[in-house]
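Chemist: Hey, dropping input02.txt in here, compact mmCIF, C-alpha atoms and all ligand atoms:
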# COMPACT_ATOMS: atom_id res chain seq x y z
CA MET Y 367 -33.96 24.16 -22.06
CA LYS Y 368 -35.99 27.32 -21.64
CA GLN Y 369 -37.37 29.36 -24.53
CA LYS Y 370 -35.38 32.45 -23.57
CA GLY Y 371 -31.66 32.45 -22.88
CA VAL Y 372 -30.03 33.57 -19.62
CA SER Y 373 -27.35 36.25 -19.40
CA ARG Y 374 -23.68 35.34 -19.19
CA GLU Y 375 -23.39 36.96 -15.73
CA LYS Y 376 -26.29 34.95 -14.35
CA ILE Y 377 -24.94 31.73 -15.83
CA LEU Y 378 -21.49 32.26 -14.34
CA LYS Y 379 -22.94 33.21 -10.96
CA GLU Y 380 -25.18 30.14 -10.85
CA LEU Y 381 -22.32 27.86 -11.83
CA SER Y 382 -20.04 29.34 -9.23
CA ASP Y 383 -22.70 28.93 -6.51
CA ARG Y 384 -23.64 25.42 -7.48
CA LEU Y 385 -20.14 24.08 -7.97
CA ASN Y 386 -19.15 25.48 -4.61
CA LYS Y 387 -20.30 22.25 -3.01
CA ASP Y 388 -17.70 20.19 -4.88
CA LEU Y 389 -14.65 19.12 -2.94
CA THR Y 390 -11.48 20.80 -4.13
CA TYR Y 391 -7.99 19.40 -4.48
CA GLU Y 392 -6.63 22.58 -2.89
CA SER Y 393 -8.42 21.77 0.38
CA GLY Y 394 -6.10 18.79 0.79
CA LYS Y 395 -9.10 16.67 1.78
CA ILE Y 396 -9.14 14.59 -1.41
CA LEU Y 397 -6.81 11.83 -0.36
CA GLY Y 398 -8.12 9.01 -2.50
CA SER Y 399 -7.97 10.32 -6.05
CA MET Y 400 -5.49 9.63 -8.83
CA CYS Y 401 -6.29 13.00 -10.36
CA THR Y 402 -5.26 16.48 -9.32
CA THR Y 403 -5.42 20.09 -10.45
CA PRO Y 404 -3.74 20.24 -13.85
CA HIS Y 405 -0.60 22.34 -14.09
CA GLU Y 406 -1.40 26.01 -14.72
CA LEU Y 407 0.31 25.97 -18.14
CA ALA Y 408 -1.58 22.86 -19.22
CA LYS Y 409 -4.86 24.51 -18.19
CA SER Y 410 -4.29 27.65 -20.19
CA VAL Y 411 -3.00 25.81 -23.27
CA MET Y 412 -6.08 23.58 -23.10
CA THR Y 413 -8.48 26.52 -23.20
CA MET Y 414 -6.65 28.02 -26.21
CA TYR Y 415 -7.23 25.02 -28.48
CA LEU Y 416 -10.63 23.64 -27.54
CA GLU Y 417 -11.83 23.35 -31.13
CA LYS Y 418 -9.07 20.98 -32.28
CA ASN Y 419 -10.54 17.61 -33.20
CA LEU Y 420 -8.15 14.70 -33.53
CA GLY Y 421 -11.04 12.62 -34.87
CA ASP Y 422 -10.38 14.31 -38.22
CA PRO Y 423 -6.65 14.89 -38.07
CA GLY Y 424 -6.39 15.81 -41.74
CA LEU Y 425 -8.00 19.12 -40.79
CA PHE Y 426 -5.65 19.63 -37.88
CA GLN Y 427 -2.30 18.42 -39.10
CA GLY Y 428 -0.40 20.56 -36.64
CA ALA Y 429 -2.34 19.07 -33.76
CA GLN Y 430 -1.75 15.58 -35.08
CA GLU Y 431 1.99 16.19 -35.27
CA ILE Y 432 1.87 17.34 -31.68
CA GLU Y 433 0.08 14.12 -30.66
CA VAL Y 434 2.77 12.08 -32.42
CA GLU Y 435 5.40 14.02 -30.49
CA VAL Y 436 3.64 13.39 -27.18
CA VAL Y 437 3.64 9.68 -27.94
CA ARG Y 438 7.33 9.87 -28.84
CA MET Y 439 8.13 11.63 -25.55
CA LEU Y 440 6.18 9.05 -23.56
CA GLY Y 441 7.82 6.28 -25.59
CA LYS Y 442 11.27 7.57 -24.69
CA LEU Y 443 10.26 7.72 -21.05
CA LEU Y 444 9.26 4.07 -21.38
CA ASN Y 445 12.58 3.29 -23.07
CA ASN Y 446 11.30 2.72 -26.58
CA PRO Y 447 11.72 5.50 -29.12
CA GLU Y 448 9.92 3.33 -31.70
CA SER Y 449 6.68 3.34 -29.73
CA TRP Y 450 3.51 4.06 -31.63
CA GLY Y 451 0.32 5.14 -29.95
CA TYR Y 452 -2.42 7.60 -29.13
CA ILE Y 453 -3.60 10.06 -26.53
CA VAL Y 454 -6.96 8.60 -25.58
CA SER Y 455 -9.72 9.45 -23.13
CA GLY Y 456 -8.13 7.68 -20.17
CA GLY Y 457 -6.73 4.45 -18.81
CA THR Y 458 -10.03 2.67 -19.42
CA GLU Y 459 -9.99 3.34 -23.15
CA ALA Y 460 -6.27 2.54 -23.31
CA ASN Y 461 -6.78 -0.88 -21.69
CA ILE Y 462 -9.82 -1.67 -23.85
CA VAL Y 463 -7.87 -0.79 -27.00
CA ALA Y 464 -4.94 -2.98 -25.90
CA MET Y 465 -7.25 -5.93 -25.21
CA ARG Y 466 -8.88 -5.55 -28.61
CA ILE Y 467 -5.54 -5.58 -30.39
CA ALA Y 468 -4.41 -8.60 -28.35
CA ARG Y 469 -7.62 -10.48 -29.17
CA ASN Y 470 -7.27 -9.70 -32.87
CA ILE Y 471 -3.64 -10.78 -32.93
CA GLY Y 472 -4.73 -14.00 -31.21
CA ARG Y 473 -7.33 -14.56 -33.94
CA THR Y 474 -4.70 -13.96 -36.62
CA LYS Y 475 -2.61 -16.64 -34.99
CA GLY Y 476 -5.54 -19.00 -35.48
CA LYS Y 477 -6.84 -19.13 -31.89
CA SER Y 478 -10.49 -20.08 -31.69
CA GLY Y 479 -13.12 -20.27 -28.95
CA THR Y 480 -13.60 -17.67 -26.21
CA PRO Y 481 -10.39 -15.63 -26.00
CA GLU Y 482 -8.77 -15.72 -22.56
CA VAL Y 483 -6.85 -12.96 -20.80
CA ILE Y 484 -4.67 -13.83 -17.80
CA LEU Y 485 -4.47 -10.96 -15.32
CA PRO Y 486 -3.85 -10.30 -11.62
CA GLU Y 487 -6.76 -10.09 -9.18
CA SER Y 488 -5.59 -6.54 -8.55
CA ALA Y 489 -6.38 -5.43 -12.13
CA HIS Y 490 -8.52 -2.35 -12.70
CA ILE Y 491 -12.22 -2.60 -13.52
CA SER Y 492 -11.50 -1.44 -17.09
CA PHE Y 493 -10.49 -5.03 -17.93
CA ASP Y 494 -13.95 -6.22 -16.82
CA LYS Y 495 -15.40 -3.62 -19.17
CA ALA Y 496 -13.15 -4.86 -21.99
CA ALA Y 497 -14.19 -8.45 -21.27
CA ASP Y 498 -17.86 -7.54 -21.27
CA LEU Y 499 -17.62 -5.56 -24.49
CA MET Y 500 -15.57 -8.11 -26.38
CA GLY Y 501 -16.64 -11.42 -24.90
CA LEU Y 502 -13.27 -12.18 -23.35
CA ARG Y 503 -12.84 -14.62 -20.49
CA LEU Y 504 -10.77 -13.19 -17.65
CA ILE Y 505 -8.55 -15.67 -15.83
CA ARG Y 506 -7.74 -13.97 -12.54
CA ILE Y 507 -4.54 -14.89 -10.78
CA GLY Y 508 -3.99 -14.46 -7.06
CA ILE Y 509 -1.47 -12.07 -5.57
CA ASP Y 510 1.33 -12.79 -3.08
CA HIS Y 511 1.95 -11.21 0.34
CA GLU Y 512 3.48 -8.18 -1.38
CA TYR Y 513 0.35 -7.80 -3.52
CA ARG Y 514 2.16 -8.84 -6.73
CA VAL Y 515 0.80 -11.39 -9.18
CA LYS Y 516 1.85 -15.00 -8.51
CA VAL Y 517 4.01 -15.72 -11.54
CA PRO Y 518 3.95 -19.57 -11.39
CA GLU Y 519 0.15 -19.41 -11.46
CA VAL Y 520 0.22 -17.19 -14.53
CA LYS Y 521 2.30 -19.85 -16.24
CA LYS Y 522 -0.13 -22.59 -15.24
CA ALA Y 523 -3.14 -20.64 -16.52
CA ILE Y 524 -1.90 -20.45 -20.12
CA SER Y 525 -4.07 -22.36 -22.58
CA ASN Y 526 -4.47 -22.49 -26.34
CA LYS Y 527 -7.15 -19.81 -25.96
CA THR Y 528 -4.90 -17.32 -24.17
CA VAL Y 529 -4.62 -14.11 -26.15
CA ALA Y 530 -2.96 -11.87 -23.55
CA ILE Y 531 -1.20 -11.65 -20.24
CA VAL Y 532 -1.63 -8.43 -18.27
CA GLY Y 533 0.76 -7.04 -15.67
CA ILE Y 534 0.31 -3.90 -13.59
CA ALA Y 535 2.86 -1.24 -12.76
CA GLY Y 536 1.16 0.70 -9.98
CA THR Y 537 -1.98 -1.14 -8.92
CA THR Y 538 -5.14 0.82 -8.29
CA ALA Y 539 -5.42 -0.13 -4.62
CA LEU Y 540 -1.82 -0.14 -3.43
CA GLY Y 541 0.49 0.98 -6.21
CA THR Y 542 2.41 -2.28 -6.26
CA VAL Y 543 4.35 -3.37 -9.33
CA ASP Y 544 4.06 -6.87 -10.79
CA PRO Y 545 7.26 -8.77 -11.70
CA VAL Y 546 7.10 -7.66 -15.31
CA GLU Y 547 10.53 -9.07 -16.16
CA GLU Y 548 9.28 -12.57 -15.33
CA LEU Y 549 5.96 -12.00 -17.09
CA SER Y 550 7.91 -10.87 -20.13
CA GLU Y 551 9.91 -14.11 -20.19
CA ILE Y 552 6.74 -16.17 -19.96
CA ALA Y 553 5.05 -14.16 -22.71
CA THR Y 554 8.08 -14.48 -24.97
CA GLU Y 555 8.45 -18.22 -24.37
CA ASN Y 556 4.78 -18.78 -25.19
CA ASN Y 557 4.57 -16.24 -28.00
CA LEU Y 558 1.84 -14.32 -26.16
CA TYR Y 559 0.83 -10.68 -26.08
CA LEU Y 560 1.87 -8.87 -22.87
CA HIS Y 561 0.12 -5.64 -21.89
CA ILE Y 562 1.27 -3.54 -18.95
CA ASP Y 563 -1.19 -1.27 -17.20
CA ALA Y 564 0.94 1.61 -15.98
CA ALA Y 565 -1.94 4.08 -16.10
CA PHE Y 566 -0.81 5.52 -12.78
CA GLY Y 567 2.73 4.17 -12.38
CA GLY Y 568 3.88 5.18 -15.85
CA MET Y 569 4.28 8.81 -14.86
CA VAL Y 570 5.86 7.91 -11.49
CA ILE Y 571 8.17 4.90 -11.72
CA PRO Y 572 10.53 6.23 -14.43
CA PHE Y 573 11.28 9.19 -12.15
CA LEU Y 574 11.62 7.05 -9.02
CA GLU Y 575 14.14 4.93 -10.91
CA ARG Y 576 16.15 8.05 -11.69
CA LEU Y 577 15.93 8.99 -8.00
CA GLY Y 578 17.58 5.68 -7.12
CA TYR Y 579 14.51 3.66 -6.00
CA LYS Y 580 14.74 -0.05 -6.73
CA ILE Y 581 11.59 -0.96 -8.68
CA PRO Y 582 11.23 -3.82 -11.16
CA LYS Y 583 11.68 -2.79 -14.79
CA PHE Y 584 8.15 -2.57 -16.13
CA ASP Y 585 8.57 -0.95 -19.53
CA PHE Y 586 9.65 -1.75 -23.10
CA ARG Y 587 13.12 -2.77 -21.91
CA ASN Y 588 11.39 -6.10 -21.40
CA LYS Y 589 11.26 -7.75 -24.82
CA GLY Y 590 7.87 -9.34 -24.27
CA VAL Y 591 6.01 -6.10 -23.52
CA CYS Y 592 3.74 -5.29 -26.48
CA SER Y 593 1.78 -2.33 -25.12
CA ILE Y 594 1.64 0.00 -22.12
CA THR Y 595 -1.09 2.22 -20.71
CA ILE Y 596 0.31 5.49 -19.31
CA ASP Y 597 -2.00 8.33 -18.33
CA PRO Y 598 -0.92 11.96 -18.44
CA HIS Y 599 -4.14 12.98 -16.62
CA LYS Y 600 -2.98 11.25 -13.45
CA MET Y 601 0.56 12.10 -12.27
CA GLY Y 602 1.34 13.83 -15.57
CA LEU Y 603 -0.62 16.92 -14.40
CA ALA Y 604 -2.40 17.12 -17.76
CA PRO Y 605 -6.09 18.03 -17.99
CA ILE Y 606 -8.73 15.28 -18.22
CA PRO Y 607 -9.21 13.50 -20.66
CA ALA Y 608 -5.61 12.50 -21.35
CA GLY Y 609 -4.86 8.80 -21.25
CA GLY Y 610 -2.12 7.12 -23.24
CA ILE Y 611 -1.81 3.83 -25.10
CA LEU Y 612 1.60 2.96 -26.49
CA PHE Y 613 2.53 -0.04 -28.61
CA LYS Y 614 5.99 -1.49 -29.05
CA ASN Y 615 5.90 -0.45 -32.71
CA GLN Y 616 3.46 0.35 -35.48
CA SER Y 617 3.15 -3.26 -36.63
CA TYR Y 618 0.86 -4.07 -33.67
CA ILE Y 619 -1.88 -1.86 -34.95
CA GLN Y 620 -1.46 -1.97 -38.72
CA GLU Y 621 -3.88 -4.85 -39.24
CA ASN Y 622 -6.31 -3.66 -36.59
CA CYS Y 623 -7.41 -0.20 -37.60
CA PHE Y 624 -10.82 1.15 -38.55
CA GLU Y 625 -10.78 3.14 -41.76
CA ILE Y 626 -12.90 6.28 -42.04
CA PRO Y 627 -12.75 7.28 -45.67
CA TYR Y 628 -15.24 10.15 -45.87
CA LEU Y 629 -13.71 12.72 -43.52
CA ALA Y 630 -13.31 16.36 -44.54
CA GLY Y 631 -9.62 16.10 -43.84
CA GLY Y 632 -9.21 12.84 -45.77
CA THR Y 633 -9.11 9.17 -44.85
CA TYR Y 634 -8.13 8.40 -41.26
CA THR Y 635 -7.33 4.94 -39.97
CA HIS Y 636 -7.00 4.29 -36.25
CA PRO Y 637 -7.46 1.52 -33.69
CA ILE Y 638 -8.98 3.57 -30.86
CA ILE Y 639 -12.56 3.88 -29.67
CA LEU Y 640 -13.57 7.52 -29.83
CA GLY Y 641 -14.33 9.32 -33.06
CA THR Y 642 -14.39 13.02 -32.33
CA ARG Y 643 -11.79 13.56 -29.64
CA SER Y 644 -10.02 16.39 -27.94
CA GLY Y 645 -6.91 17.73 -29.61
CA ALA Y 646 -6.60 20.26 -26.80
CA THR Y 647 -5.66 17.60 -24.25
CA ALA Y 648 -2.93 16.22 -26.49
CA ILE Y 649 -1.61 19.75 -27.03
CA ALA Y 650 -1.81 20.57 -23.30
CA THR Y 651 -0.01 17.30 -22.53
CA TRP Y 652 2.72 18.22 -25.02
CA ALA Y 653 3.09 21.61 -23.34
CA ILE Y 654 3.42 20.23 -19.85
CA LEU Y 655 5.80 17.40 -20.77
CA LYS Y 656 8.04 19.92 -22.55
CA HIS Y 657 7.75 22.50 -19.79
CA LEU Y 658 8.46 20.29 -16.80
CA GLY Y 659 10.94 17.95 -18.47
CA ILE Y 660 12.43 14.97 -16.68
CA GLU Y 661 13.81 17.24 -13.94
CA GLY Y 662 10.47 18.88 -13.26
CA TYR Y 663 8.59 15.58 -12.90
CA GLN Y 664 11.41 14.12 -10.83
CA LYS Y 665 11.06 17.00 -8.38
CA ILE Y 666 7.28 16.55 -8.14
CA VAL Y 667 7.56 12.79 -7.63
CA LYS Y 668 10.28 13.28 -5.01
CA SER Y 669 8.13 15.65 -3.02
CA CYS Y 670 5.14 13.25 -3.25
CA MET Y 671 7.40 10.49 -1.92
CA ASN Y 672 8.46 12.66 1.02
CA VAL Y 673 4.82 13.16 1.97
CA THR Y 674 4.24 9.42 1.41
CA GLN Y 675 6.98 8.65 3.95
CA GLN Y 676 5.48 11.11 6.40
CA LEU Y 677 2.15 9.28 6.17
CA GLU Y 678 3.85 5.88 6.34
CA LYS Y 679 5.66 6.79 9.57
CA GLY Y 680 2.52 8.37 11.01
CA ILE Y 681 0.45 5.24 10.40
CA GLU Y 682 3.12 3.11 12.07
CA ARG Y 683 2.78 5.27 15.19
CA ILE Y 684 -1.02 5.03 15.45
CA GLU Y 685 -2.44 2.10 17.42
CA ASN Y 686 -4.99 -0.21 15.79
CA VAL Y 687 -4.17 0.72 12.21
CA GLU Y 688 -1.32 -0.50 10.04
CA LEU Y 689 0.08 -0.33 6.54
CA ALA Y 690 -1.38 -2.93 4.18
CA THR Y 691 2.11 -3.16 2.69
CA LYS Y 692 5.16 -0.93 2.53
CA PRO Y 693 4.40 1.70 -0.13
CA VAL Y 694 6.34 1.17 -3.36
CA ILE Y 695 5.18 4.42 -4.97
CA ASN Y 696 3.04 7.33 -3.73
CA ILE Y 697 0.06 5.16 -2.75
CA VAL Y 698 -0.52 4.11 0.85
CA GLY Y 699 -2.93 1.36 1.97
CA ILE Y 700 -4.22 1.59 5.53
CA THR Y 701 -5.80 -1.42 7.18
CA SER Y 702 -6.71 -2.64 10.67
CA LYS Y 703 -6.80 -5.98 12.45
CA ASN Y 704 -9.06 -4.84 15.29
CA LEU Y 705 -11.28 -2.16 13.85
CA ASP Y 706 -13.79 -2.08 11.02
CA ILE Y 707 -12.29 -0.21 8.07
CA CYS Y 708 -15.78 0.86 6.93
CA GLN Y 709 -16.42 2.53 10.27
CA ILE Y 710 -13.10 4.34 10.15
CA ASP Y 711 -13.96 5.49 6.64
CA GLN Y 712 -17.38 6.75 7.75
CA GLU Y 713 -15.87 8.73 10.60
CA LEU Y 714 -13.23 10.21 8.31
CA ARG Y 715 -15.96 11.20 5.84
CA LYS Y 716 -17.78 13.09 8.58
CA LEU Y 717 -14.65 15.24 8.76
CA LYS Y 718 -14.74 15.57 4.95
CA TRP Y 719 -11.71 13.36 4.29
CA ALA Y 720 -12.24 11.49 1.01
CA LEU Y 721 -10.22 8.27 0.76
CA GLY Y 722 -10.53 5.32 -1.59
CA LYS Y 723 -12.09 2.25 0.02
CA PHE Y 724 -11.26 -1.27 -1.07
CA THR Y 725 -12.51 -4.42 0.69
CA ASN Y 726 -10.25 -4.14 3.69
CA ILE Y 727 -8.06 -1.22 2.81
CA LEU Y 728 -8.34 2.54 2.84
CA ARG Y 729 -6.28 4.02 0.03
CA VAL Y 730 -4.44 7.31 0.10
CA VAL Y 731 -2.90 8.53 -3.16
CA ILE Y 732 -0.32 11.19 -2.42
CA MET Y 733 -0.92 13.48 -5.36
CA PRO Y 734 0.90 16.82 -5.64
CA HIS Y 735 -2.04 18.65 -4.02
CA ILE Y 736 -1.44 16.84 -0.72
CA LYS Y 737 1.01 18.69 1.48
CA THR Y 738 2.70 17.96 4.81
CA GLN Y 739 0.17 20.02 6.79
CA HIS Y 740 -2.75 18.05 5.33
CA ILE Y 741 -1.18 14.75 6.36
CA GLU Y 742 -0.46 16.11 9.86
CA GLN Y 743 -4.13 17.01 10.26
CA PHE Y 744 -5.24 13.70 8.77
CA LEU Y 745 -3.06 11.71 11.17
CA THR Y 746 -4.40 13.67 14.14
CA ASP Y 747 -7.99 12.99 13.04
CA LEU Y 748 -7.29 9.34 12.30
CA GLU Y 749 -5.70 8.82 15.71
CA GLN Y 750 -8.70 10.33 17.48
CA ILE Y 751 -11.14 8.27 15.43
CA THR Y 752 -9.35 4.98 16.05
CA LYS Y 753 -9.08 5.74 19.78
CA LYS Y 754 -12.79 6.48 19.97
CA LEU Y 755 -13.73 3.36 18.02
CA GLN Y 756 -11.48 1.22 20.22
CA GLU Y 757 -12.99 2.69 23.40
CA ASN Y 758 -16.50 2.04 22.09
CA LYS Y 759 -15.55 -1.58 21.54
CA THR Y 760 -14.38 -2.15 25.12
N1 LIG Q 1 -5.59 1.34 -14.71
C1 LIG Q 1 -5.31 1.61 -13.44
C2 LIG Q 1 -4.20 0.88 -12.77
C3 LIG Q 1 -6.05 2.58 -12.74
O1 LIG Q 1 -5.81 2.78 -11.46
C4 LIG Q 1 -7.07 3.28 -13.43
C5 LIG Q 1 -7.89 4.34 -12.77
C6 LIG Q 1 -7.32 2.96 -14.77
C7 LIG Q 1 -6.56 1.99 -15.38
C8 LIG Q 1 -8.42 3.63 -15.56
O2 LIG Q 1 -8.13 4.95 -15.77
P1 LIG Q 1 -9.26 6.03 -16.12
O3 LIG Q 1 -10.02 6.27 -14.86
O4 LIG Q 1 -8.44 7.20 -16.59
O5 LIG Q 1 -10.08 5.47 -17.18
N2 LIG Q 1 -7.82 4.43 -11.46
C9 LIG Q 1 -8.49 5.38 -10.63
C10 LIG Q 1 -9.27 4.58 -9.59
O6 LIG Q 1 -10.07 3.71 -9.98
C11 LIG Q 1 -9.42 6.32 -11.34
C12 LIG Q 1 -9.89 7.41 -10.44
C13 LIG Q 1 -9.35 8.66 -10.54
C14 LIG Q 1 -10.88 7.19 -9.50
C15 LIG Q 1 -9.77 9.68 -9.71
C16 LIG Q 1 -11.30 8.21 -8.63
C17 LIG Q 1 -10.73 9.43 -8.76
O7 LIG Q 1 -11.16 10.45 -7.94
O8 LIG Q 1 -9.05 4.80 -8.45
Please express what this file holds, its structure, as C-alpha cells.
Ligand code: 0PR
Modeler:
Amino acid sequence: MKQKGVSREKILKELSDRLNKDLTYESGKILGSMCTTPHELAKSVMTMYLEKNLGDPGLFQGAQEIEVEVVRMLGKLLNNPESWGYIVSGGTEANIVAMRIARNIGRTKGKSGTPEVILPESAHISFDKAADLMGLRLIRIGIDHEYRVKVPEVKKAISNKTVAIVGIAGTTALGTVDPVEELSEIATENNLYLHIDAAFGGMVIPFLERLGYKIPKFDFRNKGVCSITIDPHKMGLAPIPAGGILFKNQSYIQENCFEIPYLAGGTYTHPIILGTRSGATAIATWAILKHLGIEGYQKIVKSCMNVTQQLEKGIERIENVELATKPVINIVGITSKNLDICQIDQELRKLKWALGKFTNILRVVIMPHIKTQHIEQFLTDLEQITKKLQENKT
C-alpha cells in the first residue's frame, strides 16, 4: 500500500485496463467452466446487500429468514420440504461439511479406527480435501462403461469403519449420474450415511426430469439419502460464492454444531466451516430462484440441452474425435482414439478456446453463455485442428 491514496477515477480506469485480459463468458470461448455470468437481477440484488453477514445472523434476522427460505426452495426441488441446510461458499465446503457430519455420526455409532468413505473414482477433488483435513480414508470404486459407479463393488467395500457412501449426480468430467436408487438401498440395508454430490446436477436434473428426460432419481425420494450438495453458483445463475448443503432433516446436524456464544447478535450454532459469510449471495439466490421459478429454469436448461445436442451431433461428424459417452446432461466429453487429446487442447487454446482437460477427455460444459454460433465456430476450428494433426501424423 502506498502512503497516499489514488483517486476513484484512476482506480476504476486501472481495474478496467487490467481486467481486460480476462476471458469473458460473453465471448463464448469459455467452454469448460461450470460457472457463468450471474443473472442480471441476482447481480444487482447482490450489490445492494453486501454488508449482510450470516456469520452473526442475530444481527441480520431478515437475511437469515431469507437463507432459510432458499434452503426450503432447494429442498422442495429435491423433493424434501423438511430439508435443513445452509448456503455455503461452494460445492467444496458443502462436501466437506457433509463428510464431517457423516464421520461424527459414525463415531456416535461407536465406529473406531480411521473412518472410511466409499466413493466413485469420478468424485470431485473436494473429497480429497475433506479426507486430508479430517483424516478420512477414501475407498475409490471403479466406474462402468457408462462412467457410473460399479454398485456391486461399493457393496464389497463396506467395512466396520465405513462412515459414508458418496454418489454423484452430474460428475465433474462428464455429467453422468450414479445409480443413486441402488446406493440408497445399500446404505439403508447397512445403516450407512449416503451423501449425494449434485453440486452441478442439482440445478439441472430436476428440470430435465420435468422435460421428460429419463434420469435416475438422485434426490431425497431415495430413503437412504442423508445429504445433498447443490450449488446455485453453477447452473442456478447466482453470484459466487453460493453453494448449498442440504440435509434430510435437522436431526443430522443437531449434535454436530459449533456454538458461538459471544456474538453481538446472540448465540449462533452451526455445522459449517466459514464464520463471517456473505448474506448477499443467499439473498441474491433467493431473488433469482423466486424470479425464474421452475418454468424459468426449465427454459434455460432446455436451451442448454439443445446446444448440447448440436455439439453432440457435430462431434459425431468430425473424423478422429468421438464422444466419451452420450451426454446425460449439458456436459460433453470429447476424446480421440488416434490423436493426442493434449495436442488438440493446445491447438484449441491457441485459438483462445478454454475447455476442461481430464486424463483422456476434453470437457465442454454447455452453460447458458454458450450459444449455437459459438458451437458452430468451435466445431469448424476443431475439425481443422484434427485434420491438421492427422496429416502431420501421416
Ligand atoms: N462437486 C462437483 C461434482 C463439482 O463438479 C464441483 C466443482 C464441486 C463439487 C466443487 O464446487 P466448488 O468449485 O463450488 O467448490 N466443479 C468445477 C470443476 O472442478 C468447478 C469449476 C468451476 C472449475 C468453474 C472451473 C471453473 O471455471 O470443474
Chemist: Which residue out of Y:Val437, Y:Leu689, Y:Met412, Y:Leu389 has the minimum interatomic distance to Asn615 (chain Y) when only C-alpha atoms are used?
Modeler: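 Residue with the minimum atom-to-atom distance to Asn615 (chain Y): Y:Val437.
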Chemist: Looking at Y:Ala535, Y:Cys708, Y:Val372, Y:Val434, which one is nearest to ligand LIG 1 (chain Q), with distances taken over all atoms listed in the file?
Modeler: Y:Ala535
Chemist: Step by step, measure atom-to-atom distances between ligand LIG 1 (chain Q) and each residue using only C-alpha atoms and all ligand atoms, keep those at most 7 Å, then write them as a PyMOL selection string.
Modeler: chain Y and resi 398-401+456-459+461+489-490+492+534+536-538+563-566+597+609
Chemist: Tell me which protein, DNA and RNA residues are within 9 Å of Val570 (chain Y), counting only C-alpha atoms, leaving out same-chain ones fewer than 4 positions away, and put them as a list in words.
Modeler: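 The residues satisfying every condition are Gly536, Phe566, Leu574, Glu575, Met601, Gly602, Tyr663, Gln664, Val667, Ile695 and Asn696 of chain Y.
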Chemist: Write out the residues from the selection above, keeping C-alpha atoms, as an mmCIF file, keeping the file's coordinate frame.
Modeler:
data_model
loop_
_atom_site.group_PDB
_atom_site.id
_atom_site.type_symbol
_atom_site.label_atom_id
_atom_site.label_comp_id
_atom_site.auth_asym_id
_atom_site.auth_seq_id
_atom_site.Cartn_x
_atom_site.Cartn_y
_atom_site.Cartn_z
ATOM 1 C CA GLY Y 536 1.160 0.700 -9.980
ATOM 2 C CA PHE Y 566 -0.810 5.520 -12.780
ATOM 3 C CA LEU Y 574 11.620 7.050 -9.020
ATOM 4 C CA GLU Y 575 14.140 4.930 -10.910
ATOM 5 C CA MET Y 601 0.560 12.100 -12.270
ATOM 6 C CA GLY Y 602 1.340 13.830 -15.570
ATOM 7 C CA TYR Y 663 8.590 15.580 -12.900
ATOM 8 C CA GLN Y 664 11.410 14.120 -10.830
ATOM 9 C CA VAL Y 667 7.560 12.790 -7.630
ATOM 10 C CA ILE Y 695 5.180 4.420 -4.970
ATOM 11 C CA ASN Y 696 3.040 7.330 -3.730
#
Chemist: What gap, in Å, lies between CA of Met465 (chain Y) and CA of Lys600 (chain Y)?
Modeler: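 Spanning CA of Met465 (chain Y) to CA of Lys600 (chain Y) is a straight-line distance of 21.3 Å.
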Chemist: Using only C-alpha atoms, which protein or nucleic acid residues come within 8 Å of Pro582 (chain Y)? Drop anything in the same chain fewer than 4 positions from it, and give the result as a list in words.
Modeler: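 Residues meeting the cut-off are Val543, Asp544, Pro545, Val546 and Glu547 of chain Y.
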Chemist: Nearest residue to Glu417 (chain Y) out of Y:Ile649, Y:Ile432, Y:Ala530, Y:Lys477, using all atoms listed in the file?
Modeler: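 Closest to Glu417 (chain Y) of all the choices is Y:Ile649.
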Chemist: To one decimal place in Å, what is the distance between CA of Gly659 (chain Y) and CA of Pro572 (chain Y)?
Modeler: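 Separating CA of Gly659 (chain Y) from CA of Pro572 (chain Y) is a distance of 12.4 Å.
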Chemist: Find, counting only C-alpha atoms, the residue in Y:Gly680, Y:Gly428, Y:Pro486, Y:Pro598 that gets nearest to Ile509 (chain Y).
Modeler: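 Under the stated criterion, the closest residue is Y:Pro486.
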Chemist: Calculate how many Å separate CA of Gly472 (chain Y) from CA of Asn526 (chain Y), rounding to one decimal.
Modeler: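 Between CA of Gly472 (chain Y) and CA of Asn526 (chain Y) the gap is 9.8 Å.
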Chemist: Which residue, Y:Thr480, Y:Gln743, Y:Thr738, Y:Gln712, has the smallest gap to Gln675 (chain Y) when you use all atoms listed in the file?
Modeler: Y:Thr738
Chemist: Would you mind telling me which residue in Y:Arg576, Y:Arg466, Y:Lys665, Y:Lys409 lies nearest to His599 (chain Y) when using all atoms listed in the file?
Modeler: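 Closest residue, counting all atoms listed in the file: Y:Lys409.
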